[in-house]
>>> print(open('final28.tsv').read())   # TSV, C-alpha atoms
chain	number	residue	atom	x	y	z
Y	1416	MET	CA	0.00	0.00	0.00
Y	1417	ASP	CA	1.46	3.37	-1.01
Y	1418	GLN	CA	1.58	6.42	1.26
Y	1419	PRO	CA	-1.49	8.16	-0.28
Y	1420	GLY	CA	-3.42	4.95	0.25
Y	1421	LEU	CA	-2.26	4.70	3.86
Y	1422	ASP	CA	-3.12	8.34	4.48
Y	1423	LEU	CA	-6.61	7.92	3.06
Y	1424	ARG	CA	-7.16	4.71	4.97
Y	1425	ASN	CA	-5.96	6.21	8.26
Y	1426	LEU	CA	-8.04	9.35	7.79
Y	1427	THR	CA	-11.13	7.28	6.99
Y	1428	TYR	CA	-10.68	5.19	10.13
Y	1429	ARG	CA	-9.98	8.24	12.27
Y	1430	MET	CA	-13.13	9.95	11.02
Y	1431	PHE	CA	-15.15	6.78	11.58
Y	1432	VAL	CA	-14.13	6.80	15.25
Y	1433	GLU	CA	-14.58	10.55	15.67
Y	1434	LEU	CA	-18.02	10.56	14.05
Y	1435	GLY	CA	-19.19	7.25	15.50
Y	1436	ARG	CA	-20.24	6.21	12.00
Y	1437	ALA	CA	-18.77	5.79	8.54
Y	1438	PRO	CA	-17.78	9.08	6.93
Y	1439	SER	CA	-19.12	9.87	3.49
Y	1440	ALA	CA	-16.80	10.41	0.57
Y	1441	ASP	CA	-17.79	14.06	0.64
Y	1442	GLU	CA	-16.81	14.39	4.31
Y	1443	VAL	CA	-13.44	12.71	3.72
Y	1444	ALA	CA	-12.86	14.89	0.69
Y	1445	GLY	CA	-13.58	17.99	2.75
Y	1446	THR	CA	-11.09	17.00	5.42
Y	1447	SER	CA	-8.35	15.65	3.17
Y	1448	GLY	CA	-8.41	18.21	0.40
Y	1449	LEU	CA	-8.90	15.43	-2.14
Y	1450	SER	CA	-11.73	15.54	-4.64
Y	1451	GLN	CA	-14.71	13.30	-3.97
Y	1452	ASP	CA	-13.80	11.27	-7.07
Y	1453	ALA	CA	-10.26	10.82	-5.73
Y	1454	VAL	CA	-11.63	9.60	-2.40
Y	1455	LEU	CA	-13.95	7.15	-4.12
Y	1456	ALA	CA	-11.12	5.89	-6.33
Y	1457	GLY	CA	-8.87	5.54	-3.30
Y	1458	TRP	CA	-11.53	3.68	-1.37
Y	1459	ARG	CA	-11.92	1.31	-4.34
Y	1460	ARG	CA	-8.20	0.52	-4.19
Y	1461	LEU	CA	-8.45	-0.01	-0.42
Y	1462	HIS	CA	-11.44	-2.29	-0.98
Y	1463	ASP	CA	-9.46	-4.29	-3.53
Y	1464	THR	CA	-6.66	-4.83	-0.99
Y	1465	HIS	CA	-9.14	-5.70	1.80
Y	1466	ALA	CA	-8.26	-2.59	3.82
Y	1467	LEU	CA	-11.97	-1.73	3.97
Y	1468	VAL	CA	-15.16	-2.99	2.36
Y	1469	LEU	CA	-17.45	-0.94	0.16
Y	1470	ASN	CA	-21.15	-1.42	-0.32
Y	1471	PRO	CA	-21.31	-3.03	-3.77
Y	1472	ALA	CA	-24.43	-1.09	-4.65
Y	1473	THR	CA	-23.45	2.41	-3.54
Y	1474	ALA	CA	-19.63	2.60	-3.17
Y	1475	GLU	CA	-20.14	3.83	0.40
Y	1476	ILE	CA	-18.24	2.20	3.23
Y	1477	ARG	CA	-19.87	-1.01	4.43
Y	1478	MET	CA	-17.11	-2.22	6.75
Y	1479	ALA	CA	-14.04	-0.60	8.25
Y	1480	ASN	CA	-13.23	-3.79	10.13
Y	1481	PRO	CA	-13.90	-4.35	12.92
Y	1482	PHE	CA	-16.51	-1.58	12.64
Y	1483	SER	CA	-19.68	-1.99	10.63
Y	1484	ALA	CA	-21.23	0.99	8.87
Y	1485	VAL	CA	-24.68	-0.59	9.01
Y	1486	PRO	CA	-26.73	-2.07	11.86
Y	1487	THR	CA	-25.93	-5.69	12.64
Y	1488	SER	CA	-26.81	-8.18	15.33
Y	1489	TYR	CA	-23.58	-7.30	17.19
Y	1490	ARG	CA	-23.84	-4.08	19.19
Y	1491	VAL	CA	-20.84	-2.97	21.21
Y	1492	HIS	CA	-20.59	-0.25	23.81
Y	1493	ALA	CA	-17.01	0.95	24.06
Y	1494	ASP	CA	-15.31	4.27	24.69
Y	1495	GLU	CA	-18.65	5.86	25.67
Y	1496	ARG	CA	-20.33	5.05	22.36
Y	1497	TRP	CA	-22.43	2.31	20.76
Y	1498	TRP	CA	-20.99	0.67	17.67
Y	1499	TYR	CA	-22.01	-2.09	15.32
Y	1500	ALA	CA	-19.58	-4.93	14.62
Y	1501	ASN	CA	-19.57	-7.17	11.57
Y	1502	CYS	CA	-19.49	-10.42	13.53
Y	1503	ALA	CA	-18.59	-11.86	16.93
Y	1504	TRP	CA	-14.87	-11.67	16.20
Y	1505	ASP	CA	-15.17	-8.02	15.25
Y	1506	ALA	CA	-17.34	-7.34	18.31
Y	1507	PHE	CA	-14.32	-8.10	20.48
Y	1508	GLY	CA	-12.16	-6.31	17.93
Y	1509	ILE	CA	-13.83	-2.95	18.55
Y	1510	GLY	CA	-12.63	-2.88	22.16
Y	1511	ALA	CA	-9.25	-4.12	20.95
Y	1512	ALA	CA	-8.94	-1.38	18.33
Y	1513	LEU	CA	-10.07	1.34	20.75
Y	1514	HIS	CA	-7.88	-0.08	23.55
Y	1515	VAL	CA	-10.76	-0.18	26.00
Y	1516	ASP	CA	-12.97	-2.83	27.57
Y	1517	GLY	CA	-16.35	-3.28	25.92
Y	1518	HIS	CA	-19.89	-4.49	26.44
Y	1519	ILE	CA	-21.27	-6.72	23.66
Y	1520	GLU	CA	-24.96	-7.37	23.04
Y	1521	THR	CA	-26.19	-9.97	20.58
Y	1522	SER	CA	-28.39	-13.05	20.50
Y	1523	CYS	CA	-27.82	-16.75	19.98
Y	1524	PRO	CA	-28.44	-17.44	16.27
Y	1525	ASP	CA	-30.15	-20.70	17.24
Y	1526	CYS	CA	-32.55	-19.81	20.05
Y	1527	ARG	CA	-32.53	-15.99	19.73
Y	1528	GLU	CA	-32.03	-15.57	23.45
Y	1529	PRO	CA	-30.01	-12.44	24.30
Y	1530	ILE	CA	-26.29	-12.81	24.93
Y	1531	THR	CA	-24.28	-10.13	26.68
Y	1532	VAL	CA	-20.55	-10.21	27.24
Y	1533	GLU	CA	-18.34	-7.78	29.09
Y	1534	THR	CA	-14.63	-7.66	28.53
Y	1535	LEU	CA	-12.46	-6.83	31.50
Y	1536	ASN	CA	-8.74	-6.48	30.95
Y	1537	GLN	CA	-9.13	-8.07	27.53
Y	1538	ARG	CA	-10.99	-11.14	28.83
Y	1539	PRO	CA	-14.69	-12.02	28.48
Y	1540	ASP	CA	-16.67	-12.30	31.67
Y	1541	ASP	CA	-18.52	-15.45	30.51
Y	1542	ASP	CA	-16.24	-18.24	29.35
Y	1543	HIS	CA	-19.07	-20.70	28.69
Y	1544	LEU	CA	-20.05	-19.19	25.35
Y	1545	LEU	CA	-18.76	-20.66	22.10
Y	1546	PHE	CA	-17.70	-19.04	18.85
Y	1547	HIS	CA	-18.41	-20.80	15.59
Y	1548	CYS	CA	-16.82	-19.89	12.29
Y	1549	LEU	CA	-18.53	-21.57	9.36
Y	1550	VAL	CA	-16.15	-20.53	6.57
Y	1551	PRO	CA	-12.52	-21.74	6.38
Y	1552	ALA	CA	-9.84	-19.06	6.52
Y	1553	ALA	CA	-8.84	-19.64	2.91
Y	1554	GLN	CA	-12.32	-18.53	1.84
Y	1555	TRP	CA	-12.99	-15.60	4.21
Y	1556	TRP	CA	-12.57	-12.98	1.52
Y	1557	ASN	CA	-14.44	-14.88	-1.19
Y	1558	ASP	CA	-17.63	-13.32	0.19
Y	1559	ILE	CA	-16.72	-11.22	3.21
Y	1560	LEU	CA	-20.29	-10.11	3.83
Y	1561	PHE	CA	-21.33	-13.76	4.25
Y	1562	THR	CA	-18.21	-14.68	6.22
N	1480	MET	CA	-18.90	-15.85	12.80
N	1481	ASN	CA	-21.29	-16.04	15.70
N	1482	LEU	CA	-21.55	-16.56	19.44
N	1483	PHE	CA	-23.66	-19.46	20.70
N	1484	ARG	CA	-24.86	-20.59	24.10
N	1485	SER	CA	-23.52	-24.13	23.70
N	1486	GLU	CA	-22.45	-26.85	21.28
N	1487	GLU	CA	-26.04	-28.08	21.22
N	1488	HIS	CA	-27.16	-24.70	19.91
N	1489	ILE	CA	-24.44	-24.76	17.24
N	1490	GLN	CA	-25.49	-28.18	16.01
N	1491	ARG	CA	-29.15	-27.20	15.88
N	1492	TRP	CA	-28.29	-23.98	14.02
N	1493	LEU	CA	-26.17	-25.90	11.51
N	1494	GLY	CA	-29.16	-28.06	10.69
N	1495	GLY	CA	-27.08	-30.69	8.92
N	1496	ARG	CA	-24.66	-28.32	7.21
N	1497	ASP	CA	-20.98	-29.13	7.46
N	1498	PRO	CA	-19.59	-27.51	10.61
N	1499	GLY	CA	-16.75	-25.01	10.51
N	1500	ALA	CA	-14.60	-24.47	13.57
N	1501	THR	CA	-15.73	-23.93	17.15
N	1502	ILE	CA	-13.53	-22.22	19.72
N	1503	THR	CA	-14.13	-20.73	23.14
N	1504	VAL	CA	-15.21	-17.15	23.59
N	1505	THR	CA	-11.98	-16.57	25.47
N	1506	LYS	CA	-9.98	-17.68	22.44
N	1507	ILE	CA	-11.87	-15.47	20.00
N	1508	CYS	CA	-11.35	-12.55	22.37
N	1509	GLU	CA	-7.62	-13.24	22.43
N	1510	LEU	CA	-7.63	-13.46	18.64
N	1511	ALA	CA	-9.49	-10.17	18.34
N	1512	TYR	CA	-6.97	-8.31	20.49
N	1513	ALA	CA	-4.05	-9.77	18.55
N	1514	TRP	CA	-5.67	-9.16	15.14
N	1515	TRP	CA	-7.31	-5.76	15.60
N	1516	GLY	CA	-5.21	-4.14	18.32
N	1517	ASP	CA	-3.20	-1.97	15.92
N	1518	ARG	CA	-6.11	-1.05	13.66
N	1519	LEU	CA	-6.28	2.58	14.77
N	1520	SER	CA	-2.56	3.15	15.21
N	1521	ALA	CA	-1.22	6.22	13.43
N	1522	ASP	CA	1.61	4.12	12.00
N	1523	TRP	CA	-0.65	1.23	10.97
N	1524	GLN	CA	0.58	-0.94	8.14
N	1525	PRO	CA	-1.36	-3.76	6.49
N	1526	HIS	CA	-0.62	-7.12	8.06
N	1527	THR	CA	1.13	-9.50	5.74
N	1528	ARG	CA	-0.28	-12.96	5.25
N	1529	GLY	CA	2.64	-14.26	7.30
N	1530	GLN	CA	1.88	-11.92	10.19
N	1531	ASN	CA	-1.75	-12.94	10.26
N	1532	GLN	CA	-0.93	-16.63	10.00
N	1533	ALA	CA	1.53	-16.25	12.87
N	1534	ILE	CA	-1.24	-14.74	15.02
N	1535	LEU	CA	-3.46	-17.74	14.33
N	1536	ASP	CA	-0.62	-20.20	14.88
N	1537	THR	CA	0.45	-18.58	18.15
N	1538	LEU	CA	-3.06	-18.95	19.51
N	1539	GLY	CA	-3.15	-22.61	18.54
N	1540	LEU	CA	-5.52	-22.06	15.65
N	1541	VAL	CA	-3.76	-24.49	13.35
N	1542	GLY	CA	-4.75	-26.98	10.71
N	1543	GLU	CA	-6.30	-26.67	7.28
N	1544	PHE	CA	-9.34	-24.70	8.49
N	1545	TRP	CA	-7.18	-21.87	9.82
N	1546	ARG	CA	-4.74	-21.80	6.87
N	1547	LEU	CA	-4.90	-18.39	5.13
N	1548	PRO	CA	-4.71	-18.25	1.33
>>> encode(input="final28.tsv", output="structure tokens")
Amino acid sequence: MDQPGLDLRNLTYRMFVELGRAPSADEVAGTSGLSQDAVLAGWRRLHDTHALVLNPATAEIRMANPFSAVPTSYRVHADERWWYANCAWDAFGIGAALHVDGHIETSCPDCREPITVETLNQRPDDDHLLFHCLVPAAQWWNDILFT
Amino acid sequence: MNLFRSEEHIQRWLGGRDPGATITVTKICELAYAWWGDRLSADWQPHTRGQNQAILDTLGLVGEFWRLP
């Protein structure tokens, strides 16, 4: 990844955290001094290298992993804000990225009963829960939205 | 990539599909901190495949299922 790509990627992530949501291309353009087309082209290159994930229909940000730009079944309270995570792995990743403990709310995909997990000093408070990953690592990026 | 109450719930959710890999919530938390901990660093650089595979290997996530492409 070249320096302009790193700069755009880092600015996009920083704005995501500052705003508590995905920034628009227009917002990133306004902060970076790039044109909106340049931001969109840069995001496309970042998408192609798996540095973020764009919505295939709109070219807006869909994932800045571990953060989700859209509501999901994984809600995380961390650093005095609520976030959406892309999956259970990313739900723990939000606290990891922000360097804080977090509170995760979701539900069991089988029985739909609520599940809540607190992390304290990087450890979950309930060690009885299980994590299941359906897709092998070699195929994670074949369809990252499904993974 | 989901959290479940128990193995019984995983099997019922799979409904006959081939299972993937099941690990403890403690292990996925450890993996998350190792994988995502630098994500907001000002000097962030993309992880190489080797770096990511080493994270998985170090946590004991080995075998064909956890082999990155």
>>> atom_distance(input="final28.tsv", atom1="atom CA of Y:Asp1540", atom2="atom CA of N:Ala1511")
15.3 Å
>>> interface_residues(input="final28.tsv", of="chain N", to="chain Y", cutoff="9 Å", atoms="only C-alpha atoms", output="PyMOL selection string")
chain N and resi 1480-1486+1488-1493+1497-1525+1543-1548
>>> write_last_selection(input="final28.tsv", atoms="C-alpha atoms", output="compact mmCIF listing (two decimals), in the coordinates of the input")
# COMPACT_ATOMS: atom_id res chain seq x y z
CA MET N 1480 -18.90 -15.85 12.80
CA ASN N 1481 -21.29 -16.04 15.70
CA LEU N 1482 -21.55 -16.56 19.44
CA PHE N 1483 -23.66 -19.46 20.70
CA ARG N 1484 -24.86 -20.59 24.10
CA SER N 1485 -23.52 -24.13 23.70
CA GLU N 1486 -22.45 -26.85 21.28
CA HIS N 1488 -27.16 -24.70 19.91
CA ILE N 1489 -24.44 -24.76 17.24
CA GLN N 1490 -25.49 -28.18 16.01
CA ARG N 1491 -29.15 -27.20 15.88
CA TRP N 1492 -28.29 -23.98 14.02
CA LEU N 1493 -26.17 -25.90 11.51
CA ASP N 1497 -20.98 -29.13 7.46
CA PRO N 1498 -19.59 -27.51 10.61
CA GLY N 1499 -16.75 -25.01 10.51
CA ALA N 1500 -14.60 -24.47 13.57
CA THR N 1501 -15.73 -23.93 17.15
CA ILE N 1502 -13.53 -22.22 19.72
CA THR N 1503 -14.13 -20.73 23.14
CA VAL N 1504 -15.21 -17.15 23.59
CA THR N 1505 -11.98 -16.57 25.47
CA LYS N 1506 -9.98 -17.68 22.44
CA ILE N 1507 -11.87 -15.47 20.00
CA CYS N 1508 -11.35 -12.55 22.37
CA GLU N 1509 -7.62 -13.24 22.43
CA LEU N 1510 -7.63 -13.46 18.64
CA ALA N 1511 -9.49 -10.17 18.34
CA TYR N 1512 -6.97 -8.31 20.49
CA ALA N 1513 -4.05 -9.77 18.55
CA TRP N 1514 -5.67 -9.16 15.14
CA TRP N 1515 -7.31 -5.76 15.60
CA GLY N 1516 -5.21 -4.14 18.32
CA ASP N 1517 -3.20 -1.97 15.92
CA ARG N 1518 -6.11 -1.05 13.66
CA LEU N 1519 -6.28 2.58 14.77
CA SER N 1520 -2.56 3.15 15.21
CA ALA N 1521 -1.22 6.22 13.43
CA ASP N 1522 1.61 4.12 12.00
CA TRP N 1523 -0.65 1.23 10.97
CA GLN N 1524 0.58 -0.94 8.14
CA PRO N 1525 -1.36 -3.76 6.49
CA GLU N 1543 -6.30 -26.67 7.28
CA PHE N 1544 -9.34 -24.70 8.49
CA TRP N 1545 -7.18 -21.87 9.82
CA ARG N 1546 -4.74 -21.80 6.87
CA LEU N 1547 -4.90 -18.39 5.13
CA PRO N 1548 -4.71 -18.25 1.33
>>> atom_distance(input="final28.tsv", atom1="atom CA of Y:Arg1496", atom2="atom CA of Y:Gly1435")
7.3 Å
>>> atom_distance(input="final28.tsv", atom1="atom CA of Y:Gly1517", atom2="atom CA of Y:Trp1497")
9.7 Å
>>> closest_residue(input="final28.tsv", among="Y:Ala1453, Y:Leu1560, Y:Val1515, Y:Leu1535", to="Y:Leu1469", atoms="all atoms listed in the file")
Y:Leu1560
>>> residues_around(input="final28.tsv", residues="Y:Ser1483", least_positions_apart="2", cutoff="6 Å", atoms="only C-alpha atoms", output="number ranges by chain")
Y: 1478, 1485, 1499-1501
>>> closest_residue(input="final28.tsv", among="Y:Ser1450, Y:Leu1423, Y:Val1491, Y:Arg1459", to="Y:Pro1471", atoms="only C-alpha atoms")
Y:Arg1459
>>> axis_aligned_box(input="final28.tsv", around="stretch 1456-1461 of chain Y", padding_each_side="8 Å", output="AutoDock Vina command-line options")
--center_x -10.1 --center_y 2.9 --center_z -3.4 --size_x 19.7 --size_y 21.9 --size_z 21.9
>>> decode(input="final28.tsv", residues="stretch 1440-1481 of chain Y", atoms="N, CA and C atoms", output="compact mmCIF listing (two decimals), in the first residue's frame")
# COMPACT_ATOMS: atom_id res chain seq x y z
N ALA Y 1440 -17.91 9.99 1.43
CA ALA Y 1440 -16.80 10.41 0.57
C ALA Y 1440 -16.67 11.93 0.57
N ASP Y 1441 -17.80 12.60 0.62
CA ASP Y 1441 -17.79 14.06 0.64
C ASP Y 1441 -17.11 14.58 1.91
N GLU Y 1442 -17.41 13.96 3.04
CA GLU Y 1442 -16.81 14.39 4.31
C GLU Y 1442 -15.30 14.15 4.30
N VAL Y 1443 -14.88 13.00 3.78
CA VAL Y 1443 -13.44 12.71 3.72
C VAL Y 1443 -12.76 13.65 2.75
N ALA Y 1444 -13.43 13.94 1.64
CA ALA Y 1444 -12.86 14.89 0.69
C ALA Y 1444 -12.66 16.26 1.35
N GLY Y 1445 -13.66 16.69 2.10
CA GLY Y 1445 -13.58 17.99 2.75
C GLY Y 1445 -12.45 18.09 3.75
N THR Y 1446 -12.15 17.00 4.42
CA THR Y 1446 -11.09 17.00 5.42
C THR Y 1446 -9.71 16.81 4.80
N SER Y 1447 -9.66 16.01 3.74
CA SER Y 1447 -8.35 15.65 3.17
C SER Y 1447 -7.87 16.63 2.11
N GLY Y 1448 -8.79 17.36 1.51
CA GLY Y 1448 -8.41 18.21 0.40
C GLY Y 1448 -8.43 17.49 -0.93
N LEU Y 1449 -8.76 16.18 -0.90
CA LEU Y 1449 -8.90 15.43 -2.14
C LEU Y 1449 -10.26 15.73 -2.75
N SER Y 1450 -10.41 15.46 -4.04
CA SER Y 1450 -11.73 15.54 -4.64
C SER Y 1450 -12.55 14.33 -4.21
N GLN Y 1451 -13.86 14.43 -4.32
CA GLN Y 1451 -14.71 13.30 -3.97
C GLN Y 1451 -14.40 12.11 -4.87
N ASP Y 1452 -14.14 12.37 -6.15
CA ASP Y 1452 -13.80 11.27 -7.07
C ASP Y 1452 -12.50 10.60 -6.65
N ALA Y 1453 -11.54 11.39 -6.17
CA ALA Y 1453 -10.26 10.82 -5.73
C ALA Y 1453 -10.46 9.96 -4.49
N VAL Y 1454 -11.33 10.41 -3.59
CA VAL Y 1454 -11.63 9.60 -2.40
C VAL Y 1454 -12.28 8.28 -2.81
N LEU Y 1455 -13.25 8.37 -3.70
CA LEU Y 1455 -13.95 7.15 -4.12
C LEU Y 1455 -12.99 6.19 -4.83
N ALA Y 1456 -12.10 6.74 -5.64
CA ALA Y 1456 -11.12 5.89 -6.33
C ALA Y 1456 -10.15 5.27 -5.33
N GLY Y 1457 -9.75 6.07 -4.34
CA GLY Y 1457 -8.87 5.54 -3.30
C GLY Y 1457 -9.54 4.47 -2.48
N TRP Y 1458 -10.78 4.70 -2.12
CA TRP Y 1458 -11.53 3.68 -1.37
C TRP Y 1458 -11.63 2.39 -2.18
N ARG Y 1459 -11.82 2.51 -3.49
CA ARG Y 1459 -11.92 1.31 -4.34
C ARG Y 1459 -10.62 0.52 -4.26
N ARG Y 1460 -9.48 1.22 -4.29
CA ARG Y 1460 -8.20 0.52 -4.19
C ARG Y 1460 -8.06 -0.13 -2.80
N LEU Y 1461 -8.51 0.57 -1.76
CA LEU Y 1461 -8.45 -0.01 -0.42
C LEU Y 1461 -9.37 -1.23 -0.31
N HIS Y 1462 -10.51 -1.14 -0.95
CA HIS Y 1462 -11.44 -2.29 -0.98
C HIS Y 1462 -10.76 -3.49 -1.67
N ASP Y 1463 -10.08 -3.21 -2.76
CA ASP Y 1463 -9.46 -4.29 -3.53
C ASP Y 1463 -8.32 -4.96 -2.76
N THR Y 1464 -7.73 -4.24 -1.80
CA THR Y 1464 -6.66 -4.83 -0.99
C THR Y 1464 -7.17 -5.25 0.40
N HIS Y 1465 -8.50 -5.25 0.55
CA HIS Y 1465 -9.14 -5.70 1.80
C HIS Y 1465 -8.84 -4.79 2.99
N ALA Y 1466 -8.51 -3.53 2.73
CA ALA Y 1466 -8.26 -2.59 3.82
C ALA Y 1466 -9.56 -1.98 4.34
N LEU Y 1467 -10.60 -2.03 3.54
CA LEU Y 1467 -11.97 -1.73 3.97
C LEU Y 1467 -12.89 -2.39 2.95
N VAL Y 1468 -14.19 -2.32 3.24
CA VAL Y 1468 -15.16 -2.99 2.36
C VAL Y 1468 -16.22 -1.99 1.96
N LEU Y 1469 -16.44 -1.86 0.67
CA LEU Y 1469 -17.45 -0.94 0.16
C LEU Y 1469 -18.77 -1.67 -0.07
N ASN Y 1470 -19.85 -0.90 0.06
CA ASN Y 1470 -21.15 -1.42 -0.32
C ASN Y 1470 -21.16 -1.59 -1.84
N PRO Y 1471 -21.40 -2.81 -2.33
CA PRO Y 1471 -21.31 -3.03 -3.77
C PRO Y 1471 -22.32 -2.23 -4.58
N ALA Y 1472 -23.39 -1.80 -3.91
CA ALA Y 1472 -24.43 -1.09 -4.65
C ALA Y 1472 -24.23 0.42 -4.67
N THR Y 1473 -23.51 0.94 -3.67
CA THR Y 1473 -23.45 2.41 -3.54
C THR Y 1473 -22.04 2.99 -3.50
N ALA Y 1474 -21.02 2.15 -3.33
CA ALA Y 1474 -19.63 2.60 -3.17
C ALA Y 1474 -19.39 3.32 -1.86
N GLU Y 1475 -20.38 3.31 -0.95
CA GLU Y 1475 -20.14 3.83 0.40
C GLU Y 1475 -19.46 2.75 1.23
N ILE Y 1476 -18.91 3.17 2.37
CA ILE Y 1476 -18.24 2.20 3.23
C ILE Y 1476 -19.27 1.28 3.87
N ARG Y 1477 -19.03 -0.01 3.78
CA ARG Y 1477 -19.87 -1.01 4.43
C ARG Y 1477 -19.20 -1.55 5.70
N MET Y 1478 -17.89 -1.74 5.61
CA MET Y 1478 -17.11 -2.22 6.75
C MET Y 1478 -15.78 -1.47 6.80
N ALA Y 1479 -15.42 -0.99 7.97
CA ALA Y 1479 -14.04 -0.60 8.25
C ALA Y 1479 -13.67 -1.51 9.42
N ASN Y 1480 -13.37 -2.73 9.10
CA ASN Y 1480 -13.23 -3.79 10.13
C ASN Y 1480 -12.33 -3.33 11.27
N PRO Y 1481 -12.77 -3.55 12.48
CA PRO Y 1481 -13.90 -4.35 12.92
C PRO Y 1481 -15.24 -3.62 12.96
